[in-house]
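Student: Here's a structure for you.
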Amino acid sequence: MGRRPRDQEADRAAIQAAAERLLAGTPLRSRSGRLTASELITECDLRRDIVYRHTDLVQDFQARAKAQDSTPTAMQELADENRKLKAEADDLKDELRQERARTKSMRMIIAELSLELEQAKAELEDAVGVTRLPDRR
């Protein structure tokens, strides 16, 4: 009993469809969507040796990827989102820095006012003729 021969046309169709999806920026299996032979293999879900039997399709994909000379849509969207998130993070860091500076100033003011309050209480106690009533609590 021998193995059944591979359907060469089905393999070619799978490779071509994967190449089209990658070039269009709409991969199904590829995580990164980069335009490389390895991503083509991942995208078409065939073994590496089977894909490289169709060198004409791999070379065509590589040539089209090089000619496209642009980042795939999926990669561009991720890069744009990454830039946006970094800008938001920088804004939040600046805001946090300002809040920390305000908090530090407020702590210093509170400490100074607490000292002044204690001094005022001590002056009142030292004042002649002033009798403090006991707390009723």
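Following the order of the structure tokens, first chain is A, next is B, and so on, with residues numbered from 1 inside each chain and ligands from 1 in the order they appear.
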Applying 7 Å and only C-alpha atoms, which residues near segment 16-18 of chain A remain after dropping the ones on its own chain fewer than 4 positions away? List them as a PyMOL selection string.
Tutor: chain A and resi 12+22+40+43-44
Student: What's around Ile41 of chain A at 8 Å? Count only C-alpha atoms, leave out sequence neighbours fewer than 5 positions away in its own chain, and write the answer as a ChimeraX atom specification.
Tutor: /A:15,46-48,51
Student: Let me see the file: selected residues, C-alpha atoms, as a short mmCIF file (atom, residue, chain, number, x, y, z; two decimals), in the first residue's frame.
Tutor:
data_model
loop_
_atom_site.label_atom_id
_atom_site.label_comp_id
_atom_site.auth_asym_id
_atom_site.auth_seq_id
_atom_site.Cartn_x
_atom_site.Cartn_y
_atom_site.Cartn_z
CA ILE A 15 -0.13 28.94 -1.79
CA LEU A 46 1.32 23.54 4.27
CA ARG A 47 4.61 21.94 5.19
CA ARG A 48 7.74 23.87 4.22
CA VAL A 51 5.68 24.91 -0.44
#
Student: So the first atom is atom CA of Ser114 of chain A and the second is atom CA of Glu95 of chain A; what is the distance between them in Å, to one decimal place?
Tutor: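 Computing the Euclidean distance for atom CA of Ser114 of chain A and atom CA of Glu95 of chain A yields 28.3 Å.
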Student: Can you list, as a VMD selection string, all residues belonging to chain A that DSSP tags as helix (DSSP H, G or I)?
Tutor: chain A and resid 8 to 24 37 to 44 48 to 52 55 to 68 73 to 126
Student: I need the residues from that last selection saved to file as a short mmCIF file (atom, residue, chain, number, x, y, z; two decimals), in the first residue's frame (with C-alpha atoms), if you can.
Tutor:
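Contents of out.cif, freshly written:
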data_model
loop_
_atom_site.label_atom_id
_atom_site.label_comp_id
_atom_site.auth_asym_id
_atom_site.auth_seq_id
_atom_site.Cartn_x
_atom_site.Cartn_y
_atom_site.Cartn_z
CA GLN A 8 -0.49 19.56 -6.70
CA GLU A 9 -3.22 21.89 -7.95
CA ALA A 10 -4.78 22.18 -4.48
CA ASP A 11 -1.35 22.95 -3.00
CA ARG A 12 -0.72 25.62 -5.64
CA ALA A 13 -4.15 27.14 -5.04
CA ALA A 14 -3.51 27.24 -1.29
CA ILE A 15 -0.13 28.94 -1.79
CA GLN A 16 -1.57 31.48 -4.24
CA ALA A 17 -4.50 32.29 -1.95
CA ALA A 18 -2.14 32.73 1.01
CA ALA A 19 0.09 35.03 -1.05
CA GLU A 20 -2.89 37.15 -2.05
CA ARG A 21 -4.08 37.44 1.56
CA LEU A 22 -0.63 38.46 2.78
CA LEU A 23 -0.16 41.00 0.00
CA ALA A 24 -3.61 42.44 0.69
CA ALA A 37 8.46 33.20 2.74
CA SER A 38 8.11 31.90 6.29
CA GLU A 39 4.89 33.83 6.75
CA LEU A 40 3.67 32.52 3.38
CA ILE A 41 4.26 28.98 4.65
CA THR A 42 2.39 29.74 7.86
CA GLU A 43 -0.45 31.40 5.98
CA CYS A 44 -1.00 28.57 3.47
CA ARG A 48 7.74 23.87 4.22
CA ASP A 49 9.00 21.18 1.85
CA ILE A 50 5.69 21.13 0.00
CA VAL A 51 5.68 24.91 -0.44
CA TYR A 52 9.28 24.95 -1.69
CA THR A 55 9.52 27.58 -6.22
CA ASP A 56 7.89 29.60 -8.99
CA LEU A 57 5.05 30.60 -6.64
CA VAL A 58 7.42 31.43 -3.78
CA GLN A 59 9.63 33.52 -6.06
CA ASP A 60 6.60 35.28 -7.53
CA PHE A 61 5.37 36.10 -4.02
CA GLN A 62 8.79 37.42 -2.99
CA ALA A 63 9.01 39.55 -6.13
CA ARG A 64 5.53 40.99 -5.61
CA ALA A 65 6.31 41.68 -1.95
CA LYS A 66 9.50 43.50 -2.94
CA ALA A 67 7.70 45.43 -5.69
CA GLN A 68 4.89 46.40 -3.35
CA THR A 73 -2.19 47.13 5.94
CA ALA A 74 -2.30 44.95 9.06
CA MET A 75 1.26 45.92 10.01
CA GLN A 76 0.58 49.60 9.31
CA GLU A 77 -2.51 49.56 11.52
CA LEU A 78 -0.53 47.98 14.34
CA ALA A 79 2.27 50.52 13.95
CA ASP A 80 -0.23 53.41 13.97
CA GLU A 81 -1.95 52.06 17.07
CA ASN A 82 1.41 51.58 18.76
CA ARG A 83 2.40 55.21 18.03
CA LYS A 84 -0.95 56.44 19.36
CA LEU A 85 -0.63 54.41 22.57
CA LYS A 86 2.94 55.64 23.12
CA ALA A 87 1.78 59.24 22.74
CA GLU A 88 -1.03 58.64 25.24
CA ALA A 89 1.42 57.04 27.66
CA ASP A 90 3.76 60.05 27.35
CA ASP A 91 0.85 62.41 28.05
CA LEU A 92 -0.15 60.37 31.09
CA LYS A 93 3.44 60.39 32.38
CA ASP A 94 3.57 64.18 32.07
CA GLU A 95 0.23 64.50 33.85
CA LEU A 96 1.42 62.19 36.63
CA ARG A 97 4.64 64.22 37.02
CA GLN A 98 2.60 67.41 37.39
CA GLU A 99 0.26 65.79 39.92
CA ARG A 100 3.22 64.58 41.96
CA ALA A 101 4.67 68.09 41.99
CA ARG A 102 1.31 69.51 43.13
CA THR A 103 1.01 66.85 45.82
CA LYS A 104 4.51 67.62 47.09
CA SER A 105 3.65 71.33 47.33
CA MET A 106 0.39 70.56 49.13
CA ARG A 107 2.19 68.33 51.64
CA MET A 108 4.68 71.10 52.36
CA ILE A 109 1.87 73.65 52.82
CA ILE A 110 -0.04 71.27 55.11
CA ALA A 111 3.07 70.66 57.22
CA GLU A 112 3.71 74.40 57.51
CA LEU A 113 0.09 75.16 58.43
CA SER A 114 0.13 72.36 61.03
CA LEU A 115 3.19 73.93 62.64
CA GLU A 116 1.55 77.36 62.63
CA LEU A 117 -1.59 75.89 64.19
CA GLU A 118 0.44 74.24 66.97
CA GLN A 119 2.28 77.51 67.60
CA ALA A 120 -0.99 79.43 67.76
CA LYS A 121 -2.42 76.91 70.25
CA ALA A 122 0.73 77.20 72.39
CA GLU A 123 0.51 81.00 72.31
CA LEU A 124 -3.12 80.85 73.40
CA GLU A 125 -2.27 78.58 76.31
CA ASP A 126 0.54 80.89 77.36
#
